[in-house]
>>> print(open('work-v2.cif').read())   # mmCIF, C-alpha atoms
data_target
#
loop_
_atom_site.label_atom_id
_atom_site.label_comp_id
_atom_site.auth_asym_id
_atom_site.auth_seq_id
_atom_site.Cartn_x
_atom_site.Cartn_y
_atom_site.Cartn_z
CA MET P 1 73.92 7.76 -202.02
CA VAL P 2 71.84 10.74 -200.99
CA GLN P 3 70.39 10.24 -197.52
CA LYS P 4 67.34 12.44 -198.04
CA LYS P 5 64.07 11.14 -196.66
CA ILE P 6 62.01 9.62 -199.45
CA SER P 7 58.25 9.23 -199.20
CA GLN P 8 56.65 5.77 -199.13
CA ALA P 9 54.72 6.62 -202.31
CA VAL P 10 58.00 7.16 -204.18
CA ILE P 11 59.49 4.02 -202.66
CA ARG P 12 56.54 1.99 -203.90
CA ARG P 13 57.22 3.22 -207.43
CA LEU P 14 60.97 2.47 -207.34
CA PRO P 15 60.85 -1.22 -208.35
CA ARG P 16 58.97 -0.16 -211.47
CA TYR P 17 61.61 2.46 -212.36
CA TYR P 18 64.26 -0.15 -211.70
CA ARG P 19 62.55 -2.58 -214.06
CA TYR P 20 62.28 -0.02 -216.88
CA LEU P 21 65.87 1.14 -216.42
CA ARG P 22 67.03 -2.49 -216.63
CA ASP P 23 65.17 -2.81 -219.96
CA LEU P 24 66.84 0.37 -221.23
CA LEU P 25 70.27 -0.95 -220.26
CA ASP P 26 69.50 -4.23 -222.02
CA GLU P 27 68.61 -2.23 -225.12
CA GLY P 28 71.89 -0.34 -224.88
CA VAL P 29 70.28 3.01 -224.04
CA GLU P 30 72.76 5.16 -222.10
CA ARG P 31 70.66 8.20 -221.38
CA ILE P 32 67.00 9.11 -221.51
CA SER P 33 64.95 12.26 -221.03
CA SER P 34 62.09 12.39 -218.57
CA ASN P 35 59.76 12.84 -221.56
CA GLU P 36 60.91 9.66 -223.27
CA LEU P 37 60.76 7.73 -220.00
CA SER P 38 57.32 9.20 -219.39
CA ILE P 39 56.00 7.80 -222.69
CA ARG P 40 57.40 4.36 -221.93
CA MET P 41 56.18 4.22 -218.37
CA LYS P 42 52.84 5.94 -218.98
CA VAL P 43 53.27 8.39 -216.11
CA THR P 44 53.71 12.14 -216.47
CA ALA P 45 57.19 13.55 -217.08
CA SER P 46 56.67 15.85 -214.13
CA GLN P 47 56.04 12.88 -211.83
CA ILE P 48 59.22 11.26 -213.09
CA ARG P 49 61.23 14.44 -212.52
CA GLN P 50 59.80 14.80 -209.03
CA ASP P 51 60.43 11.15 -208.14
CA LEU P 52 63.96 11.06 -209.50
CA ASN P 53 64.90 14.41 -207.98
CA ASN P 54 65.00 12.50 -204.71
CA PHE P 55 68.22 10.94 -205.87
CA GLY P 56 70.00 14.21 -206.48
CA GLY P 57 72.47 15.44 -209.04
CA PHE P 58 71.47 13.94 -212.35
CA GLY P 59 68.85 14.52 -214.97
CA GLN P 60 70.39 17.69 -216.34
CA GLN P 61 68.55 19.94 -218.78
CA GLY P 62 69.36 18.93 -222.34
CA TYR P 63 71.11 15.73 -221.28
CA GLY P 64 68.49 13.65 -219.56
CA TYR P 65 69.22 10.85 -217.13
CA ASN P 66 72.27 8.64 -217.13
CA VAL P 67 70.54 5.26 -217.20
CA GLN P 68 73.31 3.20 -215.60
CA PHE P 69 73.87 5.69 -212.78
CA LEU P 70 70.17 5.95 -212.01
CA TYR P 71 69.79 2.16 -212.16
CA ASP P 72 72.65 1.70 -209.71
CA GLU P 73 71.42 4.38 -207.32
CA ILE P 74 67.89 3.00 -207.21
CA GLY P 75 69.36 -0.48 -206.77
CA LYS P 76 71.30 0.72 -203.73
CA ILE P 77 68.23 2.33 -202.20
CA LEU P 78 66.32 -0.91 -202.72
CA GLY P 79 69.11 -2.83 -201.02
CA LEU P 80 69.98 -4.73 -204.19
CA ASP P 81 73.70 -4.02 -203.92
CA THR P 82 74.00 -6.73 -201.27
CA HIS P 83 73.08 -10.41 -201.17
CA HIS P 84 70.10 -11.63 -199.22
CA ASN P 85 70.03 -15.20 -198.02
CA ILE P 86 66.56 -16.68 -198.06
CA ILE P 87 64.89 -19.74 -196.61
CA VAL P 88 61.51 -20.96 -197.83
CA LEU P 89 59.15 -22.45 -195.27
CA GLY P 90 56.87 -24.80 -197.17
CA ALA P 91 58.27 -26.87 -200.02
CA GLY P 92 54.91 -27.42 -201.71
CA ASN P 93 53.93 -26.14 -205.14
CA MET P 94 54.49 -22.46 -204.48
CA GLY P 95 57.66 -22.97 -202.43
CA GLN P 96 59.17 -25.14 -205.15
CA ALA P 97 58.11 -22.73 -207.90
CA LEU P 98 59.90 -19.90 -206.09
CA ALA P 99 62.98 -22.07 -205.54
CA LYS P 100 63.12 -22.89 -209.24
CA TYR P 101 62.82 -19.28 -210.31
CA VAL P 102 66.38 -18.22 -211.12
CA ASN P 103 65.68 -14.53 -211.68
CA PHE P 104 65.58 -13.77 -207.96
CA GLU P 105 69.16 -14.97 -207.73
CA LYS P 106 70.24 -12.50 -210.41
CA ARG P 107 69.04 -9.74 -208.11
CA GLY P 108 70.99 -11.16 -205.17
CA PHE P 109 68.18 -13.06 -203.47
CA ILE P 110 69.68 -16.49 -202.83
CA ILE P 111 67.50 -19.32 -201.57
CA ILE P 112 69.71 -21.49 -199.37
CA GLY P 113 67.19 -23.91 -197.90
CA LEU P 114 63.64 -25.21 -198.09
CA PHE P 115 61.73 -26.51 -195.07
CA ASP P 116 58.69 -28.72 -194.80
CA VAL P 117 57.09 -31.36 -192.59
CA ASN P 118 56.03 -33.72 -195.39
CA PRO P 119 58.24 -36.85 -195.06
CA GLU P 120 58.03 -37.40 -198.83
CA LEU P 121 59.81 -34.11 -199.43
CA ILE P 122 62.46 -34.07 -196.70
CA GLY P 123 65.93 -34.83 -198.04
CA LYS P 124 65.03 -34.07 -201.65
CA GLU P 125 66.45 -31.16 -203.58
CA VAL P 126 64.92 -28.49 -205.76
CA ARG P 127 67.49 -26.98 -208.14
CA ARG P 128 70.18 -28.25 -205.74
CA ILE P 129 68.48 -26.58 -202.80
CA HIS P 130 68.02 -29.05 -199.97
CA ILE P 131 64.63 -29.66 -198.34
CA TYR P 132 65.01 -29.88 -194.56
CA HIS P 133 62.54 -30.87 -191.89
CA MET P 134 60.98 -27.93 -190.07
CA ASP P 135 62.49 -29.35 -186.87
CA GLU P 136 65.97 -28.63 -188.24
CA ILE P 137 65.33 -24.92 -188.55
CA GLU P 138 66.88 -23.82 -185.27
CA GLU P 139 70.08 -25.71 -186.02
CA PHE P 140 70.11 -24.30 -189.56
CA LEU P 141 69.74 -20.71 -188.40
CA LYS P 142 72.63 -21.13 -185.96
CA SER P 143 75.01 -22.02 -188.76
CA HIS P 144 73.65 -19.84 -191.60
CA GLN P 145 73.13 -16.12 -192.02
CA VAL P 146 69.49 -15.80 -193.15
CA ASP P 147 67.93 -12.45 -194.05
CA ILE P 148 64.48 -13.38 -195.29
CA ALA P 149 62.04 -16.21 -194.57
CA VAL P 150 59.46 -16.89 -197.25
CA LEU P 151 56.20 -18.34 -195.94
CA THR P 152 54.38 -20.63 -198.35
CA LEU P 153 52.86 -22.88 -195.73
CA PRO P 154 49.15 -23.60 -195.39
CA LYS P 155 47.32 -21.10 -193.21
CA GLY P 156 47.19 -23.45 -190.23
CA GLN P 157 50.97 -23.87 -190.02
CA ALA P 158 52.10 -20.45 -191.18
CA GLU P 159 51.57 -18.51 -187.97
CA THR P 160 53.53 -20.91 -185.74
CA ALA P 161 56.35 -21.10 -188.25
CA ALA P 162 56.55 -17.30 -188.53
CA ASP P 163 56.61 -16.92 -184.75
CA GLN P 164 59.35 -19.52 -184.52
CA VAL P 165 61.73 -17.99 -187.09
CA VAL P 166 61.16 -14.50 -185.68
CA ARG P 167 62.06 -15.81 -182.22
CA LEU P 168 65.20 -17.27 -183.79
CA GLY P 169 66.22 -13.87 -185.14
CA ILE P 170 64.64 -13.48 -188.59
CA HIS P 171 63.55 -9.88 -189.23
CA ALA P 172 61.94 -10.10 -192.66
CA ILE P 173 59.07 -12.26 -193.91
CA TRP P 174 57.80 -12.59 -197.46
CA ASN P 175 54.35 -13.96 -196.72
CA PHE P 176 52.40 -16.00 -199.29
CA ALA P 177 50.20 -17.61 -196.65
CA HIS P 178 46.58 -16.62 -196.72
CA LEU P 179 46.57 -14.74 -193.42
CA ASP P 180 47.80 -11.53 -191.82
CA LEU P 181 50.70 -12.13 -189.47
CA ALA P 182 50.84 -10.56 -186.04
CA LEU P 183 54.56 -10.00 -185.48
CA PRO P 184 56.76 -7.59 -183.51
CA LYS P 185 57.14 -4.10 -185.01
CA ASP P 186 60.81 -4.59 -185.93
CA VAL P 187 59.92 -7.43 -188.30
CA VAL P 188 59.22 -6.30 -191.84
CA VAL P 189 56.53 -8.23 -193.69
CA GLU P 190 55.61 -8.07 -197.35
CA ASN P 191 52.42 -9.91 -198.24
CA VAL P 192 51.58 -11.65 -201.50
CA HIS P 193 47.93 -12.56 -201.06
CA LEU P 194 47.19 -14.28 -204.36
CA SER P 195 43.55 -14.99 -203.53
CA ASP P 196 42.97 -11.34 -202.65
CA SER P 197 44.47 -10.37 -205.98
CA LEU P 198 42.26 -12.82 -207.84
CA MET P 199 39.16 -11.49 -206.05
CA GLN P 200 40.14 -7.95 -207.00
CA LEU P 201 40.30 -9.09 -210.62
CA SER P 202 36.96 -10.82 -210.27
CA TYR P 203 35.41 -7.64 -208.85
CA ASN P 204 36.68 -5.63 -211.81
CA ILE P 205 35.27 -8.19 -214.25
CA VAL P 206 31.81 -7.78 -212.71
CA LYS P 207 32.15 -3.99 -212.70
CA ASN P 208 33.32 -3.99 -216.31
CA LYS P 209 30.29 -5.98 -217.40
CA THR P 210 27.75 -3.77 -215.65
CA GLN P 211 29.20 -0.50 -216.91
CA MET F 1 22.51 -6.64 -203.53
CA VAL F 2 22.65 -2.90 -202.95
CA GLN F 3 23.69 -1.07 -206.12
CA LYS F 4 25.26 1.90 -204.35
CA LYS F 5 28.56 3.15 -205.74
CA ILE F 6 31.43 1.87 -203.61
CA SER F 7 34.83 3.57 -203.54
CA GLN F 8 37.93 1.80 -204.86
CA ALA F 9 39.53 2.05 -201.41
CA VAL F 10 36.68 0.05 -199.89
CA ILE F 11 36.82 -2.44 -202.75
CA ARG F 12 40.49 -3.02 -202.15
CA ARG F 13 39.71 -3.92 -198.54
CA LEU F 14 36.88 -6.32 -199.37
CA PRO F 15 38.95 -9.48 -200.00
CA ARG F 16 40.39 -9.05 -196.54
CA TYR F 17 36.92 -8.77 -194.94
CA TYR F 18 35.90 -11.78 -196.96
CA ARG F 19 38.87 -13.75 -195.63
CA TYR F 20 38.14 -12.87 -191.99
CA LEU F 21 34.44 -13.59 -192.37
CA ARG F 22 35.29 -17.01 -193.84
CA ASP F 23 37.42 -17.72 -190.76
CA LEU F 24 34.56 -16.69 -188.49
CA LEU F 25 32.16 -19.01 -190.33
CA ASP F 26 34.68 -21.84 -190.02
CA GLU F 27 34.80 -21.17 -186.28
CA GLY F 28 31.01 -21.30 -186.09
CA VAL F 29 30.61 -17.60 -185.26
CA GLU F 30 27.18 -16.40 -186.40
CA ARG F 31 27.36 -12.75 -185.52
CA ILE F 32 30.05 -10.28 -184.58
CA SER F 33 30.18 -6.68 -183.44
CA SER F 34 32.27 -4.10 -185.25
CA ASN F 35 34.40 -3.86 -182.09
CA GLU F 36 35.20 -7.56 -182.02
CA LEU F 37 35.92 -7.57 -185.75
CA SER F 38 38.06 -4.47 -185.26
CA ILE F 39 40.27 -6.26 -182.73
CA ARG F 40 40.71 -9.25 -185.03
CA MET F 41 41.43 -7.23 -188.14
CA LYS F 42 43.47 -4.51 -186.47
CA VAL F 43 41.55 -1.67 -188.07
CA THR F 44 39.32 0.79 -186.23
CA ALA F 45 35.71 -0.15 -185.51
CA SER F 46 34.65 3.09 -187.14
CA GLN F 47 36.40 2.14 -190.38
CA ILE F 48 34.65 -1.22 -190.30
CA ARG F 49 31.27 0.42 -189.72
CA GLN F 50 31.88 2.88 -192.54
CA ASP F 51 33.06 0.18 -194.95
CA LEU F 52 30.27 -2.24 -194.17
CA ASN F 53 27.59 0.47 -194.25
CA ASN F 54 28.07 0.35 -198.01
CA PHE F 55 26.26 -2.96 -197.98
CA GLY F 56 23.15 -1.65 -196.31
CA GLY F 57 20.72 -3.03 -193.80
CA PHE F 58 22.70 -5.03 -191.30
CA GLY F 59 25.00 -4.38 -188.40
CA GLN F 60 22.25 -3.35 -186.01
CA GLN F 61 22.95 -1.75 -182.66
CA GLY F 62 23.19 -4.45 -180.00
CA TYR F 63 23.18 -7.28 -182.50
CA GLY F 64 26.27 -6.79 -184.60
CA TYR F 65 26.78 -8.25 -188.05
CA ASN F 66 25.29 -11.43 -189.35
CA VAL F 67 28.47 -13.16 -190.49
CA GLN F 68 26.94 -15.43 -193.14
CA PHE F 69 24.88 -12.65 -194.68
CA LEU F 70 27.83 -10.26 -194.83
CA TYR F 71 30.06 -13.00 -196.23
CA ASP F 72 27.55 -13.77 -198.98
CA GLU F 73 26.97 -10.11 -199.86
CA ILE F 74 30.67 -9.33 -200.12
CA GLY F 75 31.11 -12.52 -202.14
CA LYS F 76 28.47 -11.32 -204.61
CA ILE F 77 30.11 -7.92 -204.95
CA LEU F 78 33.44 -9.62 -205.59
CA GLY F 79 31.82 -11.76 -208.27
CA LEU F 80 32.40 -14.95 -206.31
CA ASP F 81 28.81 -16.17 -206.71
CA THR F 82 29.59 -17.28 -210.27
CA HIS F 83 32.22 -19.56 -211.78
CA HIS F 84 35.16 -18.15 -213.69
CA ASN F 85 36.86 -20.32 -216.25
CA ILE F 86 40.58 -19.72 -216.41
CA ILE F 87 43.38 -20.58 -218.80
CA VAL F 88 47.03 -20.33 -217.81
CA LEU F 89 49.49 -19.19 -220.46
CA GLY F 90 52.83 -20.62 -219.46
CA ALA F 91 53.03 -24.09 -217.92
CA GLY F 92 56.39 -23.52 -216.24
CA ASN F 93 56.98 -23.50 -212.49
CA MET F 94 54.57 -20.73 -211.61
CA GLY F 95 51.87 -21.84 -214.06
CA GLN F 96 52.00 -25.38 -212.69
CA ALA F 97 52.01 -24.18 -209.08
CA LEU F 98 48.85 -22.18 -209.74
CA ALA F 99 47.24 -25.13 -211.51
CA LYS F 100 47.98 -27.39 -208.54
CA TYR F 101 46.55 -24.94 -206.05
CA VAL F 102 43.06 -26.26 -205.29
CA ASN F 103 41.88 -23.35 -203.17
CA PHE F 104 41.15 -21.17 -206.17
CA GLU F 105 38.65 -23.77 -207.31
CA LYS F 106 36.81 -23.58 -204.00
CA ARG F 107 36.18 -19.90 -204.78
CA GLY F 108 34.85 -20.73 -208.25
CA PHE F 109 38.03 -20.05 -210.22
CA ILE F 110 38.39 -23.12 -212.42
CA ILE F 111 41.53 -23.65 -214.49
CA ILE F 112 40.45 -25.48 -217.63
CA GLY F 113 43.65 -25.44 -219.67
CA LEU F 114 47.37 -24.71 -219.61
CA PHE F 115 49.29 -23.48 -222.65
CA ASP F 116 52.97 -23.51 -223.45
CA VAL F 117 55.39 -23.78 -226.36
CA ASN F 118 57.80 -26.21 -224.69
CA PRO F 119 57.45 -29.55 -226.58
CA GLU F 120 58.35 -31.45 -223.40
CA LEU F 121 55.26 -30.10 -221.68
CA ILE F 122 52.64 -30.25 -224.44
CA GLY F 123 50.20 -33.13 -223.97
CA LYS F 124 51.03 -33.62 -220.31
CA GLU F 125 48.60 -32.94 -217.50
CA VAL F 126 48.81 -31.07 -214.22
CA ARG F 127 46.14 -32.20 -211.78
CA ARG F 128 44.19 -33.52 -214.79
CA ILE F 129 44.45 -30.15 -216.53
CA HIS F 130 45.75 -30.61 -220.06
CA ILE F 131 48.76 -28.67 -221.38
CA TYR F 132 48.09 -27.45 -224.92
CA HIS F 133 50.39 -25.85 -227.42
CA MET F 134 50.04 -22.07 -227.65
CA ASP F 135 49.07 -22.56 -231.30
CA GLU F 136 45.90 -24.34 -230.17
CA ILE F 137 44.62 -21.34 -228.27
CA GLU F 138 42.34 -19.90 -230.95
CA GLU F 139 40.64 -23.26 -231.44
CA PHE F 140 40.33 -23.70 -227.68
CA LEU F 141 38.73 -20.29 -227.16
CA LYS F 142 36.17 -21.02 -229.88
CA SER F 143 34.91 -24.08 -228.03
CA HIS F 144 35.31 -22.95 -224.40
CA GLN F 145 33.96 -20.06 -222.39
CA VAL F 146 37.04 -18.46 -220.82
CA ASP F 147 36.81 -15.52 -218.42
CA ILE F 148 40.39 -15.01 -217.27
CA ALA F 149 43.80 -15.62 -218.82
CA VAL F 150 46.68 -15.97 -216.38
CA LEU F 151 50.04 -14.89 -217.78
CA THR F 152 53.03 -16.73 -216.35
CA LEU F 153 55.16 -16.56 -219.48
CA PRO F 154 58.66 -15.08 -219.64
CA LYS F 155 58.68 -11.35 -220.34
CA GLY F 156 59.64 -11.81 -223.99
CA GLN F 157 56.59 -13.96 -224.81
CA ALA F 158 54.04 -12.43 -222.45
CA GLU F 159 53.13 -9.34 -224.45
CA THR F 160 52.40 -11.19 -227.71
CA ALA F 161 50.37 -13.82 -225.87
CA ALA F 162 48.35 -11.17 -224.05
CA ASP F 163 47.63 -9.31 -227.30
CA GLN F 164 46.56 -12.58 -228.91
CA VAL F 165 44.08 -13.67 -226.25
CA VAL F 166 42.65 -10.17 -225.99
CA ARG F 167 42.11 -10.15 -229.76
CA LEU F 168 40.35 -13.49 -229.32
CA GLY F 169 37.93 -11.99 -226.82
CA ILE F 170 39.50 -12.36 -223.36
CA HIS F 171 38.71 -9.36 -221.16
CA ALA F 172 40.60 -10.16 -217.97
CA ILE F 173 44.28 -10.87 -217.41
CA TRP F 174 45.97 -11.98 -214.20
CA ASN F 175 49.52 -10.97 -215.00
CA PHE F 176 52.52 -12.61 -213.33
CA ALA F 177 54.90 -11.61 -216.12
CA HIS F 178 57.51 -9.07 -215.20
CA LEU F 179 56.18 -6.25 -217.39
CA ASP F 180 53.32 -3.78 -217.63
CA LEU F 181 50.84 -4.73 -220.33
CA ALA F 182 49.53 -2.15 -222.77
CA LEU F 183 46.00 -3.37 -223.47
CA PRO F 184 42.66 -1.82 -224.51
CA LYS F 185 40.77 0.01 -221.77
CA ASP F 186 38.00 -2.59 -221.58
CA VAL F 187 40.47 -5.29 -220.53
CA VAL F 188 40.93 -5.57 -216.78
CA VAL F 189 44.42 -6.45 -215.61
CA GLU F 190 45.57 -7.42 -212.15
CA ASN F 191 49.33 -7.58 -211.72
CA VAL F 192 51.31 -9.84 -209.41
CA HIS F 193 54.84 -8.53 -209.76
CA LEU F 194 56.74 -10.83 -207.42
CA SER F 195 60.11 -9.19 -208.02
CA ASP F 196 58.67 -5.76 -207.22
CA SER F 197 57.28 -7.18 -204.00
CA LEU F 198 60.64 -8.71 -203.08
CA MET F 199 62.42 -5.38 -203.76
CA GLN F 200 59.91 -3.60 -201.55
CA LEU F 201 60.77 -6.07 -198.79
CA SER F 202 64.46 -5.55 -199.43
CA TYR F 203 64.04 -1.76 -199.18
CA ASN F 204 62.28 -2.12 -195.85
CA ILE F 205 65.07 -4.38 -194.55
CA VAL F 206 67.64 -1.68 -195.34
CA LYS F 207 65.43 1.03 -193.80
CA ASN F 208 64.87 -1.10 -190.71
CA LYS F 209 68.61 -1.52 -190.19
CA THR F 210 69.43 2.18 -190.55
CA GLN F 211 66.68 3.38 -188.23
#
>>> encode(input="work-v2.cif", output="structure tokens")
Amino acid sequence: MVQKKISQAVIRRLPRYYRYLRDLLDEGVERISSNELSIRMKVTASQIRQDLNNFGGFGQQGYGYNVQFLYDEIGKILGLDTHHNIIVLGAGNMGQALAKYVNFEKRGFIIIGLFDVNPELIGKEVRRIHIYHMDEIEEFLKSHQVDIAVLTLPKGQAETAADQVVRLGIHAIWNFAHLDLALPKDVVVENVHLSDSLMQLSYNIVKNKTQ
Amino acid sequence: MVQKKISQAVIRRLPRYYRYLRDLLDEGVERISSNELSIRMKVTASQIRQDLNNFGGFGQQGYGYNVQFLYDEIGKILGLDTHHNIIVLGAGNMGQALAKYVNFEKRGFIIIGLFDVNPELIGKEVRRIHIYHMDEIEEFLKSHQVDIAVLTLPKGQAETAADQVVRLGIHAIWNFAHLDLALPKDVVVENVHLSDSLMQLSYNIVKNKTQ
């Protein structure tokens, strides 16, 4: 893997490349030119060449890109060549939906436990994943390697829970709670603010109508 | 409402302002200075002043912002002063989780029907919302005003379903399916690509470790 510094803008586009390359592999395509990929992805061929140049020695003139190689390299850069153990804090609707979604597992994101405070949920299982009480989290983290905590708790509980797992050594949070977390700099956070996304859509509906 | 043209960058920040202003209202705060808001939101006071200047005559020197007024104005710009009727295509885990989530309703986003092809789901209800067969969609759209279609179908079915509802007059798609939709220009699409978001997190975990 080439250790060149890659800009955040490129990084943000990588999951999309990865997705399209996966489709190509599924279709049995072994190589593709930047022009063909450009048509599929609706970005310019020159952007594709620039982006993929970051990953070095492929994409030769007259050959195009080796799809499998590119897929693997991007996968490595995205950290998808290793497993990530995940716990989900909040076993409500969203937490359970995520736990039931098997596609994350295919990418190496393994949910190993759900946590909640609702007595009706504790002890149950979702797709064989056990629901623990939030009080058991410290014990759990002592005996399990956990890489990512997913936050699907209501706003009021999310902050305390995030602080707690960070104190217990978690360095990555996938945050579905409807708030911005204030956490130490060495903790990486990726937000999925569904309401914000819906409002953005709503704004564009209004704009579309008045144009 | 001021009809000044507002940049996309500002628009993208509006849901976040809206969220913080809601919190302030809930706390009983009637007015706030850009400095106080800046500390809460962790953006510069000058950015806040610039952003909120787009909405005209408030934020006076020595008074600050009238929280309720600002909240209402931003709400109007985001189209939250009207109801949006929503259908969800795909009544699987994610579709059901969204249907069960009552907070969208508080913002005027009302889910009025779920659609699926799974015979085990058809006819059931999720929080009193009926699950119809996908074949019933044309009939449904004739008799109901629908503003937004949410796509939570598997990749293979999502594209056809999106094309169908767009042909039937839907102009806004909230897309959870793991693909980019190719739709007419007058259709607004907002994507929630959860896998992309998880890969972004995964990348930052790797980067964090190697720094």
>>> residues_around(input="work-v2.cif", residues="region 163-180 of chain F", least_positions_apart="2", cutoff="7 Å", atoms="only C-alpha atoms", output="PyMOL selection string")
(chain P and resi 205) or (chain F and resi 138+147-155+158-161+182+186-193)
>>> closest_atom_pairs(input="work-v2.cif", of="chain P", to="chain F", cutoff="6 Å", atoms="only C-alpha atoms", output="tab-separated table")
residue	atom	partner	partner_atom	distance
P:Pro15	CA	F:Asp196	CA	5.2
P:Leu78	CA	F:Tyr203	CA	4.3
P:Gly79	CA	F:Tyr203	CA	5.5
P:Asn93	CA	F:Ala97	CA	4.8
P:Met94	CA	F:Ala97	CA	5.5
P:Ala97	CA	F:Asn93	CA	4.8
P:Glu190	CA	F:Leu201	CA	5.7
P:Asp196	CA	F:Pro15	CA	5.2
P:Leu201	CA	F:Glu190	CA	5.7
P:Ser202	CA	F:Gly79	CA	5.6
P:Tyr203	CA	F:Leu78	CA	4.3
P:Val206	CA	F:Gly79	CA	6.0
>>> resolve_selection(input="work-v2.cif", expression="the PyMOL selection byres ((chain F and resi 31) around 6)", output="VMD selection string")
chain F and resid 29 to 30 32 65 to 67
>>> write_last_selection(input="work-v2.cif", atoms="C-alpha atoms", output="PDB file, keeping the file's coordinate frame")
ATOM      1  CA  VAL F  29      30.610 -17.600-185.260  1.00  0.00           C
ATOM      2  CA  GLU F  30      27.180 -16.400-186.400  1.00  0.00           C
ATOM      3  CA  ILE F  32      30.050 -10.280-184.580  1.00  0.00           C
ATOM      4  CA  TYR F  65      26.780  -8.250-188.050  1.00  0.00           C
ATOM      5  CA  ASN F  66      25.290 -11.430-189.350  1.00  0.00           C
ATOM      6  CA  VAL F  67      28.470 -13.160-190.490  1.00  0.00           C
TER       7      VAL F  67
END
>>> atom_distance(input="work-v2.cif", atom1="CA of Val43 (chain F)", atom2="CA of Leu24 (chain F)")
16.6 Å
>>> resolve_selection(input="work-v2.cif", expression="the PyMOL selection byres ((chain P and resi 124-132) around 7)", output="ChimeraX atom specification")
/P:96,99-100,112-116,121-123,133-134,136
>>> atom_distance(input="work-v2.cif", atom1="CA of His83 (chain F)", atom2="CA of Leu37 (chain F)")
28.9 Å
>>> atom_distance(input="work-v2.cif", atom1="CA of Phe140 (chain P)", atom2="CA of Val117 (chain P)")
15.1 Å
>>> axis_aligned_box(input="work-v2.cif", around="region 194-201 of chain F", padding_each_side="5 Å", output="JSON")
{"center_x": 59.6, "center_y": -7.2, "center_z": -203.4, "size_x": 15.7, "size_y": 17.2, "size_z": 19.2}
>>> closest_residue(input="work-v2.cif", among="F:Leu21, F:Ala9, F:Ile86, F:Ile110", to="Asp72 (chain F)", atoms="all atoms listed in the file")
F:Leu21
>>> resolve_selection(input="work-v2.cif", expression="the PyMOL selection byres ((chain F and resi 51) around 10)", output="ChimeraX atom specification")
/F:6-7,9-11,13-14,17,45-50,52-55
